[in-house]
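Some notes on the structure that comes next.
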Amino acid sequence: MEPDLETLKRVEQRVLWLATSIVHHANRVRPNPSGVKVGGHQASSASMVSLMTALYFAVLEAPDRVSVKPHASPVLHAINHLLGRLDSRYLTTLRQFGGLQSYPSRTKDPDPVDYSTGSVGLGATAPIWGALAHRYVAGHFDVPRGGRQIALIGDAELDEGACWEAIADPMVARLGEVMWVVDLNRQSLDRVVPDIAAGRLAAMFEAAGWHTVMVKYGPKLAEHHALRARIDAMPNEEYQRLLRAYAPELRRRLEVDTDGLSDEDLLATFRDLGGHDLQSLIDGYRQADAVQDRPSVVFAYTIKGWSLPTEGHPANHSALLSHEQYRELAAKLGEDADDPFKPLDGAAAELCRTVGVKLRRTDTPTAPAPEVPRDVGRKHTGKASTQQAFGRFFVDLTREAPAVAERVVTVSPDVGTSTNLGGWINKAGIWNVGDRIDWFADDTDTLVRWRESDHGRHIELGIAEVNLVGLLGELGATWSRDGQPLLPVGTIYDPFVSRALEPWSFGIYSGGQSILVGTPSGVTLGPEGGAHQSVITPSIGIEQPGCVAYEPAFGQDFEWCFLHALAQLGKPGGSSAYFRLSTRPIDQALHTGTREGAIAGGYKLRANPDAKVSIAVMGALVPEALQAAEELGNAEVVCITSADLLFRSHQARSGFGDGEPRTLAGLFRPGVPIVSLLDGHPHTLSFLGSPITCLGVQRFGQAGDILELYEHHEIDAESVVGAALDLMS
Ligand SMILES: Cc1ncc(C[n+]2csc(CCOP(=O)(O)OP(=O)(O)O)c2C)c(N)n1
Ligand SMILES: [Mg+2]
């Protein structure tokens, strides 16, 4: 049953008041000892008040999940408070240490937040990936299906490529549970968005298979044909300008017949947009709901700063109400500026209570992540690359630890087979939203069988790295959302890790755990040339929070480290991982490491108690390090599997961070000079000790055979010998 509109209107006013007060208190009431601006967004919040009130108090059901645009976090907290999910003591803590976060945060806010937002465009797409992850987990495990996936987004968020990459993926057009609501206030941060874009945007959504709904006018404006026609024809900027005009000026500049309207009615009618009319919004949401075979987008026309003195002003994004303006607002809304957070009463309080009960979710117990074995029993022999080891790994895992393999889901942006996942894909099958015919099933020339169904375990997306990591993040969060841990692994060519990094990092920040495999990597890619050779990714691995980075050289080390990384996924306090792999075949007989050393970050590959120099090598350049050690005679070789873990060890020796101080001490002796070597930027290993010479790649690559390229970049055995001799003298 829909609530009575008058009561809903009262709740709407209360939401506006609370959202404004949360920001006001943080900036103008709470002591600010450092004097650094606190900030917060009253105008962006006001823009969303009506559409969130209508959604939460008249439409939402308990299983639905909502992503709220970053700058409307005060509205979300106000609503959570009214629903009884946030204690009033938090309303004074916006942007305070341990208090309400600036932008909605799943992991840090004290109240329920379905999706973290903050990086515009990513919060918009998160419910799409959430929908896919939910469908996946509900199709494979005993999880109740259902719930709408809703994104409330700013209109300028649609400038972001992330939105369009997601919208264009063919799988997405089938997700009827997805609804986007665009807060169409025609303003972004510093400007009024040029030209009226809604028609063009709607056509773009429709071309991608979405259902579109326009919530443009409230009833007053809908009925005033002359005024409506004038507004329809005017550019964005003119409408925004006229929002700032008093009645006489507005009447004069409109140049249409508004004689039947009093000054007050004229001002109200001119700004009577659908995005601030509760009934129009409810109707719009219902229209979206009625179409279930594809996603819907609702364009809700709004006013940035609605009902505030900053309404519609082009510079209102960060504007804060003064004390006087705040008092005037209190008077207008019937609130008390001196007691802003006092409880609501009457029918509105009762509505909040009822809806609070309706939206209460039952806690889902989390199934434990499966016990991951220490190895999968493979003998690594002959010449093989780490990328080959990766490809074989999943087939071994299926045999040795089926309960673990059952929870593995691999994802790739159109590079599944070229990153050696073919064998696994044949075994596990492709997951898609519903079955698809494999038209090549009877073609004997096809090595990889492309069987698509809703129970496969590999997901192939289009070539959009941002989509890949968006999905990875959500697959990595099912343990906390649906109580079923997944072990998501994404593959990507290593140079494109940089493109995927910000959204992947955001997924980790939001509480999703996954493994990203960057392969092939470095100038070892040889003939592929500079456009595909990654240089900076090893240091990205060190610096990414919530993630452990590995770059093993041998198949055995890969296997140990990868199993260890799988065991850290899908649980509270878990961790993501990044593996940088290579296609260079390496003689596996050279391996001497222990599992303990490999998962700690490194081991002595060639020990020499009398060594006068240490060669510290990571990844594909192990043969060059061994050759140099042989030529030098008085060198030892340390094989590094994780620069990240060794840096943590380095920090731990001075009492910082969570690393293991003994690891580094066991690998290098004080005073013995080090030559470090990797196929990536040399600064990655520059912390290892002193004196040190760091060899690596500092320039863009180019095509060539790897031995030529190693010489060109001075990462060949001869360069190592030269650097070692210089250091020793
Ligand atoms: C990826 C990214 N780029 C830039 C920003 C800075 N920024 C924050 S809000 C904003 C404009 C938002 O406009 P809109 O989405 O229309 O929201 P409104 O404030 O108008 O409601 C920008 C550019 C950001 N948060 N994330
Ligand atoms: Mg906007």
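Ordering of the structure tokens sets the chain letters (A, B, ...); residue numbers start at 1 within each chain; ligands are numbered from 1 in the order shown.
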
Go through the chains and note each residue within 9 Å of ligand 2, using only C-alpha atoms and all ligand atoms, then give the set as a PDB file with C-alpha atoms, in the first residue's frame.
ATOM      1  CA  SER A  44      23.688  17.987  -4.258  1.00  0.00           C
ATOM      2  CA  SER A  47      18.591  17.631  -5.342  1.00  0.00           C
ATOM      3  CA  ILE A 153      23.263   8.796  -9.923  1.00  0.00           C
ATOM      4  CA  GLY A 154      24.161  12.403 -10.712  1.00  0.00           C
ATOM      5  CA  ASP A 155      23.558  13.490 -14.297  1.00  0.00           C
ATOM      6  CA  ALA A 156      27.228  14.390 -14.775  1.00  0.00           C
ATOM      7  CA  GLU A 157      28.161  10.829 -13.839  1.00  0.00           C
ATOM      8  CA  VAL A 182      19.338   9.966 -12.937  1.00  0.00           C
ATOM      9  CA  ASP A 183      19.188  13.099 -10.774  1.00  0.00           C
ATOM     10  CA  LEU A 184      18.901  15.433 -13.741  1.00  0.00           C
ATOM     11  CA  ASN A 185      19.763  18.787 -12.198  1.00  0.00           C
ATOM     12  CA  ARG A 186      21.718  19.941 -15.273  1.00  0.00           C
ATOM     13  CA  GLN A 187      24.659  20.878 -13.061  1.00  0.00           C
ATOM     14  CA  SER A 188      27.948  19.159 -12.356  1.00  0.00           C
ATOM     15  CA  LEU A 189      30.669  20.496 -10.073  1.00  0.00           C
ATOM     16  CA  VAL A 192      25.828  24.109 -15.843  1.00  0.00           C
ATOM     17  CA  VAL A 193      25.852  21.191 -18.265  1.00  0.00           C
ATOM     18  CA  THR A 302      15.497  18.071 -10.365  1.00  0.00           C
ATOM     19  CA  ILE A 303      16.929  21.305  -9.032  1.00  0.00           C
ATOM     20  CA  LYS A 304      20.336  21.354  -7.419  1.00  0.00           C
TER      21      LYS A 304
END

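Distances from A:Ala319, A:Leu201, A:Val672, A:Leu86 to Val23 (chain A) were compared using only C-alpha atoms, and the smallest one belongs to A:Ala319.
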
Please provide the set of residues having any atom within 12 Å of Ile540 (chain A), restricted to only C-alpha atoms, with same-chain residues fewer than 3 positions apart removed, written as a PyMOL selection string.
chain A and resi 494-495+497-502+505+518+534-537+543-545+547-550+577-580+643-644+680-681+683-684

Please save C-alpha atoms of the selected residues as a PDB file, in the first residue's frame.
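Saved file selection.pdb follows:
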ATOM      1  CA  ASP A 494      49.544  -6.711 -17.659  1.00  0.00           C
ATOM      2  CA  PRO A 495      49.904  -3.288 -19.342  1.00  0.00           C
ATOM      3  CA  VAL A 497      46.283  -3.263 -15.213  1.00  0.00           C
ATOM      4  CA  SER A 498      46.846   0.489 -15.065  1.00  0.00           C
ATOM      5  CA  ARG A 499      43.555   1.129 -16.826  1.00  0.00           C
ATOM      6  CA  ALA A 500      41.727  -1.243 -14.510  1.00  0.00           C
ATOM      7  CA  LEU A 501      43.499  -0.057 -11.401  1.00  0.00           C
ATOM      8  CA  GLU A 502      41.275   2.691 -10.040  1.00  0.00           C
ATOM      9  CA  SER A 505      41.165  -0.527  -6.096  1.00  0.00           C
ATOM     10  CA  GLY A 518      48.359  -9.516 -15.221  1.00  0.00           C
ATOM     11  CA  SER A 534      54.258  -3.066 -18.889  1.00  0.00           C
ATOM     12  CA  VAL A 535      56.811  -1.078 -16.886  1.00  0.00           C
ATOM     13  CA  ILE A 536      55.194   0.401 -13.765  1.00  0.00           C
ATOM     14  CA  THR A 537      52.997  -2.477 -12.612  1.00  0.00           C
ATOM     15  CA  GLU A 543      51.509   0.237  -3.257  1.00  0.00           C
ATOM     16  CA  GLN A 544      47.958  -1.087  -3.589  1.00  0.00           C
ATOM     17  CA  PRO A 545      46.301  -1.378  -0.154  1.00  0.00           C
ATOM     18  CA  CYS A 547      46.239  -6.557  -1.814  1.00  0.00           C
ATOM     19  CA  VAL A 548      49.387  -8.694  -1.869  1.00  0.00           C
ATOM     20  CA  ALA A 549      51.393  -8.683  -5.110  1.00  0.00           C
ATOM     21  CA  TYR A 550      53.413 -11.644  -6.386  1.00  0.00           C
ATOM     22  CA  ALA A 577      46.122 -10.424  -4.660  1.00  0.00           C
ATOM     23  CA  TYR A 578      47.801  -9.382  -7.880  1.00  0.00           C
ATOM     24  CA  PHE A 579      49.937 -11.805  -9.872  1.00  0.00           C
ATOM     25  CA  ARG A 580      52.307 -10.539 -12.551  1.00  0.00           C
ATOM     26  CA  ALA A 643      58.494  -7.345  -3.629  1.00  0.00           C
ATOM     27  CA  ASP A 644      55.369  -6.293  -1.766  1.00  0.00           C
ATOM     28  CA  GLY A 680      59.866  -3.609 -14.629  1.00  0.00           C
ATOM     29  CA  HIS A 681      60.775  -0.293 -13.059  1.00  0.00           C
ATOM     30  CA  HIS A 683      62.805   1.437  -8.071  1.00  0.00           C
ATOM     31  CA  THR A 684      60.514  -1.471  -7.129  1.00  0.00           C
TER      32      THR A 684
END

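Taking CA of Gln568 (chain A) as the reference point, CA of Leu468 (chain A) is found at 20.5 Å.
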
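Distances here use only C-alpha atoms and all ligand atoms; by that measure, the residue among A:Pro368, A:Gly218, A:Pro314, A:Pro309 closest to ligand 1 is A:Pro314.
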
I'd like a table as a Markdown table: residues in region 117-214 of chain A with an atom no more than 12 Å from region 400-419 of chain A, each row giving the shortest atom pair and its distance in Å to one decimal, only C-alpha atoms counted, sorted by chain and rising residue number.
| residue | atom | partner | partner_atom | distance |
| --- | --- | --- | --- | --- |
| A:Ala133 | CA | A:Val409 | CA | 10.3 |
| A:Tyr136 | CA | A:Val409 | CA | 9.3 |
| A:Val137 | CA | A:Arg407 | CA | 9.3 |
| A:His140 | CA | A:Glu406 | CA | 8.8 |
| A:Phe141 | CA | A:Arg407 | CA | 9.4 |
| A:Glu165 | CA | A:Pro413 | CA | 11.7 |
| A:Asp169 | CA | A:Pro413 | CA | 10.8 |

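Of the residues listed (A:Ala62, A:Val372, A:Ala46, A:Cys694), A:Ala46 shows the shortest atom-to-atom separation from ligand 1; distances use only C-alpha atoms and all ligand atoms.
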
If you run DSSP on the backbone, which residues of region 553-640 of chain A are helix (DSSP H, G or I), as JSON, numbers by chain?
{"A": [555, 556, 557, 558, 559, 560, 561, 562, 563, 564, 565, 566, 588, 589, 590, 595, 596, 597, 598, 599, 600, 619, 620, 621, 622, 623, 624, 625, 626, 627, 628, 629, 630, 631, 632]}

Output of the above residues as a short mmCIF file (atom, residue, chain, number, x, y, z; two decimals), in the first residue's frame, restricted to N, CA and C atoms:
data_model
loop_
_atom_site.label_atom_id
_atom_site.label_comp_id
_atom_site.auth_asym_id
_atom_site.auth_seq_id
_atom_site.Cartn_x
_atom_site.Cartn_y
_atom_site.Cartn_z
N GLY A 555 57.00 -22.35 -11.88
CA GLY A 555 55.65 -22.92 -11.77
C GLY A 555 55.32 -23.33 -10.35
N GLN A 556 56.32 -23.92 -9.67
CA GLN A 556 56.07 -24.38 -8.30
C GLN A 556 55.78 -23.19 -7.36
N ASP A 557 56.56 -22.13 -7.52
CA ASP A 557 56.33 -20.95 -6.67
C ASP A 557 54.97 -20.34 -6.98
N PHE A 558 54.64 -20.30 -8.28
CA PHE A 558 53.32 -19.79 -8.65
C PHE A 558 52.23 -20.57 -7.91
N GLU A 559 52.34 -21.90 -7.99
CA GLU A 559 51.31 -22.76 -7.40
C GLU A 559 51.16 -22.50 -5.89
N TRP A 560 52.30 -22.47 -5.19
CA TRP A 560 52.25 -22.23 -3.74
C TRP A 560 51.63 -20.87 -3.42
N CYS A 561 52.12 -19.85 -4.12
CA CYS A 561 51.66 -18.48 -3.81
C CYS A 561 50.18 -18.32 -4.19
N PHE A 562 49.80 -18.92 -5.32
CA PHE A 562 48.42 -18.74 -5.78
C PHE A 562 47.44 -19.42 -4.81
N LEU A 563 47.80 -20.61 -4.36
CA LEU A 563 46.95 -21.30 -3.38
C LEU A 563 46.85 -20.48 -2.10
N HIS A 564 47.99 -19.93 -1.70
CA HIS A 564 47.99 -19.11 -0.49
C HIS A 564 47.08 -17.89 -0.68
N ALA A 565 47.14 -17.30 -1.86
CA ALA A 565 46.31 -16.11 -2.14
C ALA A 565 44.82 -16.49 -2.17
N LEU A 566 44.51 -17.65 -2.75
CA LEU A 566 43.09 -18.09 -2.79
C LEU A 566 42.55 -18.23 -1.37
N GLN A 588 62.52 -25.47 -15.28
CA GLN A 588 62.01 -25.68 -13.92
C GLN A 588 63.01 -26.41 -13.03
N ALA A 589 64.02 -27.04 -13.66
CA ALA A 589 65.04 -27.74 -12.87
C ALA A 589 65.90 -26.76 -12.08
N LEU A 590 65.85 -25.47 -12.44
CA LEU A 590 66.65 -24.48 -11.71
C LEU A 590 66.06 -24.15 -10.34
N ARG A 595 58.32 -23.81 0.04
CA ARG A 595 57.00 -23.16 0.07
C ARG A 595 57.00 -21.99 1.05
N GLU A 596 57.63 -22.22 2.21
CA GLU A 596 57.66 -21.19 3.23
C GLU A 596 58.31 -19.90 2.68
N GLY A 597 59.43 -20.08 1.98
CA GLY A 597 60.11 -18.92 1.42
C GLY A 597 59.29 -18.25 0.34
N ALA A 598 58.70 -19.07 -0.53
CA ALA A 598 57.95 -18.51 -1.66
C ALA A 598 56.78 -17.67 -1.16
N ILE A 599 56.04 -18.17 -0.18
CA ILE A 599 54.86 -17.38 0.24
C ILE A 599 55.24 -16.24 1.18
N ALA A 600 56.49 -16.27 1.69
CA ALA A 600 56.93 -15.14 2.53
C ALA A 600 57.47 -13.99 1.69
N GLY A 619 60.98 -12.64 -10.92
CA GLY A 619 60.25 -12.99 -12.14
C GLY A 619 61.13 -13.52 -13.26
N ALA A 620 60.77 -13.15 -14.48
CA ALA A 620 61.28 -13.81 -15.69
C ALA A 620 62.79 -13.69 -15.90
N LEU A 621 63.47 -12.83 -15.16
CA LEU A 621 64.91 -12.63 -15.40
C LEU A 621 65.80 -13.57 -14.58
N VAL A 622 65.22 -14.58 -13.94
CA VAL A 622 66.01 -15.52 -13.15
C VAL A 622 67.18 -16.12 -13.94
N PRO A 623 67.00 -16.54 -15.21
CA PRO A 623 68.14 -17.11 -15.93
C PRO A 623 69.31 -16.13 -16.05
N GLU A 624 69.02 -14.83 -16.24
CA GLU A 624 70.09 -13.84 -16.36
C GLU A 624 70.83 -13.73 -15.03
N ALA A 625 70.09 -13.77 -13.92
CA ALA A 625 70.72 -13.66 -12.60
C ALA A 625 71.63 -14.86 -12.34
N LEU A 626 71.14 -16.05 -12.70
CA LEU A 626 71.95 -17.25 -12.46
C LEU A 626 73.21 -17.24 -13.32
N GLN A 627 73.04 -16.81 -14.56
CA GLN A 627 74.20 -16.76 -15.46
C GLN A 627 75.25 -15.77 -14.92
N ALA A 628 74.77 -14.63 -14.46
CA ALA A 628 75.70 -13.63 -13.92
C ALA A 628 76.42 -14.17 -12.69
N ALA A 629 75.68 -14.86 -11.83
CA ALA A 629 76.28 -15.41 -10.59
C ALA A 629 77.36 -16.42 -10.95
N GLU A 630 77.08 -17.21 -11.97
CA GLU A 630 78.05 -18.20 -12.42
C GLU A 630 79.33 -17.51 -12.87
N GLU A 631 79.16 -16.46 -13.67
CA GLU A 631 80.34 -15.75 -14.18
C GLU A 631 81.13 -15.08 -13.05
N LEU A 632 80.40 -14.56 -12.08
CA LEU A 632 81.06 -13.84 -10.98
C LEU A 632 81.74 -14.79 -10.00
#

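If only C-alpha atoms and all ligand atoms are the atoms counted, then among A:Val213, A:Ala233, A:Ala315, A:Leu308 the closest residue to ligand 1 is A:Ala315.
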
I'd like the neighbourhood of Asp587 (chain A) as a ChimeraX atom specification, where a residue qualifies if any of its atoms comes within 8 Å (using only C-alpha atoms), though same-chain residues fewer than 4 positions away should be ignored.
/A:381-384

I'd like the contact shell of Asp265 (chain A) - 12 Å cut-off, only C-alpha atoms, skipping same-chain residues fewer than 3 positions apart - returned as a PyMOL selection string.
chain A and resi 220-221+224+246-247+250-251+258-262+268-272

Requested write-out: N, CA and C atoms of the selected residues, as a PDB file, in the first residue's frame:
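That gives us part-v9.pdb:
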ATOM      1  N   LYS A 220       1.664  20.910 -11.629  1.00  0.00           N
ATOM      2  CA  LYS A 220       1.396  22.327 -11.920  1.00  0.00           C
ATOM      3  C   LYS A 220       1.967  22.704 -13.286  1.00  0.00           C
ATOM      4  N   LEU A 221       3.193  22.290 -13.514  1.00  0.00           N
ATOM      5  CA  LEU A 221       3.846  22.637 -14.777  1.00  0.00           C
ATOM      6  C   LEU A 221       3.246  21.827 -15.927  1.00  0.00           C
ATOM      7  N   HIS A 224       0.298  23.748 -17.217  1.00  0.00           N
ATOM      8  CA  HIS A 224       0.472  25.086 -17.779  1.00  0.00           C
ATOM      9  C   HIS A 224       1.203  24.958 -19.113  1.00  0.00           C
ATOM     10  N   TYR A 246      13.656  36.715  -9.375  1.00  0.00           N
ATOM     11  CA  TYR A 246      12.421  36.962  -8.633  1.00  0.00           C
ATOM     12  C   TYR A 246      11.262  37.019  -9.628  1.00  0.00           C
ATOM     13  N   ALA A 247      10.024  37.003  -9.082  1.00  0.00           N
ATOM     14  CA  ALA A 247       8.857  36.846  -9.952  1.00  0.00           C
ATOM     15  C   ALA A 247       8.748  37.888 -11.083  1.00  0.00           C
ATOM     16  N   LEU A 250      11.303  37.217 -13.704  1.00  0.00           N
ATOM     17  CA  LEU A 250      11.013  35.935 -14.351  1.00  0.00           C
ATOM     18  C   LEU A 250       9.892  36.115 -15.377  1.00  0.00           C
ATOM     19  N   ARG A 251       8.852  36.814 -14.951  1.00  0.00           N
ATOM     20  CA  ARG A 251       7.694  37.026 -15.836  1.00  0.00           C
ATOM     21  C   ARG A 251       8.126  37.760 -17.102  1.00  0.00           C
ATOM     22  N   THR A 258       1.624  34.471 -18.435  1.00  0.00           N
ATOM     23  CA  THR A 258       1.571  33.873 -17.095  1.00  0.00           C
ATOM     24  C   THR A 258       0.633  34.682 -16.211  1.00  0.00           C
ATOM     25  N   ASP A 259      -0.287  35.412 -16.833  1.00  0.00           N
ATOM     26  CA  ASP A 259      -1.158  36.320 -16.082  1.00  0.00           C
ATOM     27  C   ASP A 259      -2.006  35.608 -15.044  1.00  0.00           C
ATOM     28  N   GLY A 260      -2.367  34.364 -15.327  1.00  0.00           N
ATOM     29  CA  GLY A 260      -3.231  33.636 -14.388  1.00  0.00           C
ATOM     30  C   GLY A 260      -2.513  33.216 -13.112  1.00  0.00           C
ATOM     31  N   LEU A 261      -1.201  33.431 -13.050  1.00  0.00           N
ATOM     32  CA  LEU A 261      -0.445  32.956 -11.885  1.00  0.00           C
ATOM     33  C   LEU A 261      -0.024  34.115 -11.001  1.00  0.00           C
ATOM     34  N   SER A 262      -0.241  33.981  -9.699  1.00  0.00           N
ATOM     35  CA  SER A 262       0.281  34.977  -8.763  1.00  0.00           C
ATOM     36  C   SER A 262       1.802  34.851  -8.769  1.00  0.00           C
ATOM     37  N   ALA A 268       6.570  28.866  -8.073  1.00  0.00           N
ATOM     38  CA  ALA A 268       6.399  27.438  -7.756  1.00  0.00           C
ATOM     39  C   ALA A 268       6.190  26.616  -9.027  1.00  0.00           C
ATOM     40  N   THR A 269       5.411  27.175  -9.954  1.00  0.00           N
ATOM     41  CA  THR A 269       5.131  26.424 -11.183  1.00  0.00           C
ATOM     42  C   THR A 269       6.390  26.290 -12.034  1.00  0.00           C
ATOM     43  N   PHE A 270       7.175  27.383 -12.093  1.00  0.00           N
ATOM     44  CA  PHE A 270       8.379  27.350 -12.914  1.00  0.00           C
ATOM     45  C   PHE A 270       9.345  26.252 -12.453  1.00  0.00           C
ATOM     46  N   ARG A 271       9.388  26.006 -11.136  1.00  0.00           N
ATOM     47  CA  ARG A 271      10.330  24.998 -10.606  1.00  0.00           C
ATOM     48  C   ARG A 271       9.618  23.696 -10.247  1.00  0.00           C
ATOM     49  N   ASP A 272       8.418  23.489 -10.790  1.00  0.00           N
ATOM     50  CA  ASP A 272       7.658  22.270 -10.456  1.00  0.00           C
ATOM     51  C   ASP A 272       8.115  21.104 -11.354  1.00  0.00           C
TER      52      ASP A 272
END

Work out how far apart CA of Ala337 (chain A) and CA of Tyr90 (chain A) are and give it in Å to one decimal.
17.6 Å

So which residues of region 463-585 of chain A fall under strand (DSSP E or B) by DSSP, listed as a PyMOL selection string?
chain A and resi 487-492+515-518+547-550+576-580

Convert the current residue selection to file output with C-alpha atoms, as a short mmCIF file (atom, residue, chain, number, x, y, z; two decimals), in the first residue's frame.
data_model
loop_
_atom_site.label_atom_id
_atom_site.label_comp_id
_atom_site.auth_asym_id
_atom_site.auth_seq_id
_atom_site.Cartn_x
_atom_site.Cartn_y
_atom_site.Cartn_z
CA LEU A 487 37.07 -17.04 -5.27
CA PRO A 488 37.10 -14.62 -8.21
CA VAL A 489 40.11 -14.51 -10.52
CA GLY A 490 40.37 -12.02 -13.38
CA THR A 491 42.91 -12.12 -16.18
CA ILE A 492 44.11 -9.14 -18.09
CA ILE A 515 42.82 -11.99 -7.59
CA LEU A 516 43.92 -10.02 -10.63
CA VAL A 517 46.34 -11.79 -12.94
CA GLY A 518 48.36 -9.52 -15.22
CA CYS A 547 46.24 -6.56 -1.81
CA VAL A 548 49.39 -8.69 -1.87
CA ALA A 549 51.39 -8.68 -5.11
CA TYR A 550 53.41 -11.64 -6.39
CA SER A 576 43.07 -9.48 -2.60
CA ALA A 577 46.12 -10.42 -4.66
CA TYR A 578 47.80 -9.38 -7.88
CA PHE A 579 49.94 -11.81 -9.87
CA ARG A 580 52.31 -10.54 -12.55
#

Would you kindly return, as a PDB file with N, CA and C atoms, in the first residue's frame, each protein, DNA or RNA residue with an atom no farther than 12 Å from any atom of His712 (chain A), considering only C-alpha atoms and excluding same-chain residues fewer than 5 positions away?
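To be explicit, this is the file written out as part-v4.pdb:
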ATOM      1  N   VAL A 523      58.989  -6.262 -20.785  1.00  0.00           N
ATOM      2  CA  VAL A 523      59.580  -6.300 -22.121  1.00  0.00           C
ATOM      3  C   VAL A 523      59.814  -7.739 -22.566  1.00  0.00           C
ATOM      4  N   GLY A 526      58.603  -9.281 -25.638  1.00  0.00           N
ATOM      5  CA  GLY A 526      59.436  -9.276 -26.839  1.00  0.00           C
ATOM      6  C   GLY A 526      58.775  -8.701 -28.066  1.00  0.00           C
ATOM      7  N   GLY A 696      66.615  -2.494 -14.196  1.00  0.00           N
ATOM      8  CA  GLY A 696      65.216  -2.697 -14.585  1.00  0.00           C
ATOM      9  C   GLY A 696      64.917  -1.859 -15.806  1.00  0.00           C
ATOM     10  N   VAL A 697      63.647  -1.683 -16.096  1.00  0.00           N
ATOM     11  CA  VAL A 697      63.234  -0.990 -17.321  1.00  0.00           C
ATOM     12  C   VAL A 697      62.692   0.391 -16.969  1.00  0.00           C
ATOM     13  N   GLN A 698      63.252   1.403 -17.624  1.00  0.00           N
ATOM     14  CA  GLN A 698      62.799   2.762 -17.306  1.00  0.00           C
ATOM     15  C   GLN A 698      62.251   3.499 -18.516  1.00  0.00           C
ATOM     16  N   ARG A 699      62.366   2.877 -19.682  1.00  0.00           N
ATOM     17  CA  ARG A 699      61.886   3.550 -20.903  1.00  0.00           C
ATOM     18  C   ARG A 699      60.767   2.719 -21.515  1.00  0.00           C
ATOM     19  N   PHE A 700      59.996   3.336 -22.400  1.00  0.00           N
ATOM     20  CA  PHE A 700      59.010   2.559 -23.148  1.00  0.00           C
ATOM     21  C   PHE A 700      59.736   1.476 -23.933  1.00  0.00           C
ATOM     22  N   GLY A 701      59.078   0.348 -24.095  1.00  0.00           N
ATOM     23  CA  GLY A 701      59.708  -0.765 -24.790  1.00  0.00           C
ATOM     24  C   GLY A 701      59.567  -0.652 -26.295  1.00  0.00           C
ATOM     25  N   GLN A 702      60.063  -1.660 -26.967  1.00  0.00           N
ATOM     26  CA  GLN A 702      59.911  -1.758 -28.421  1.00  0.00           C
ATOM     27  C   GLN A 702      59.994  -3.227 -28.809  1.00  0.00           C
ATOM     28  N   ALA A 703      59.627  -3.536 -30.051  1.00  0.00           N
ATOM     29  CA  ALA A 703      59.616  -4.926 -30.494  1.00  0.00           C
ATOM     30  C   ALA A 703      61.047  -5.459 -30.612  1.00  0.00           C
ATOM     31  N   GLY A 704      61.189  -6.765 -30.432  1.00  0.00           N
ATOM     32  CA  GLY A 704      62.502  -7.385 -30.595  1.00  0.00           C
ATOM     33  C   GLY A 704      62.525  -8.736 -29.916  1.00  0.00           C
ATOM     34  N   ASP A 705      63.601  -9.478 -30.145  1.00  0.00           N
ATOM     35  CA  ASP A 705      63.765 -10.731 -29.419  1.00  0.00           C
ATOM     36  C   ASP A 705      64.142 -10.380 -27.975  1.00  0.00           C
ATOM     37  N   ILE A 706      63.778 -11.246 -27.032  1.00  0.00           N
ATOM     38  CA  ILE A 706      63.992 -10.806 -25.646  1.00  0.00           C
ATOM     39  C   ILE A 706      65.473 -10.611 -25.311  1.00  0.00           C
ATOM     40  N   LEU A 707      66.347 -11.387 -25.907  1.00  0.00           N
ATOM     41  CA  LEU A 707      67.758 -11.210 -25.553  1.00  0.00           C
ATOM     42  C   LEU A 707      68.281  -9.857 -26.034  1.00  0.00           C
ATOM     43  N   ALA A 717      72.577 -10.551 -18.492  1.00  0.00           N
ATOM     44  CA  ALA A 717      73.555 -11.072 -17.529  1.00  0.00           C
ATOM     45  C   ALA A 717      74.800 -10.184 -17.483  1.00  0.00           C
ATOM     46  N   GLU A 718      75.223  -9.706 -18.650  1.00  0.00           N
ATOM     47  CA  GLU A 718      76.440  -8.890 -18.696  1.00  0.00           C
ATOM     48  C   GLU A 718      76.288  -7.596 -17.877  1.00  0.00           C
ATOM     49  N   SER A 719      75.104  -6.987 -17.969  1.00  0.00           N
ATOM     50  CA  SER A 719      74.868  -5.760 -17.192  1.00  0.00           C
ATOM     51  C   SER A 719      74.905  -6.062 -15.700  1.00  0.00           C
TER      52      SER A 719
END

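Taking only C-alpha atoms into account, Ser575 (chain A) lies nearest to A:Ala477 out of the set A:Met728, A:Ala19, A:Val75, A:Ala477.
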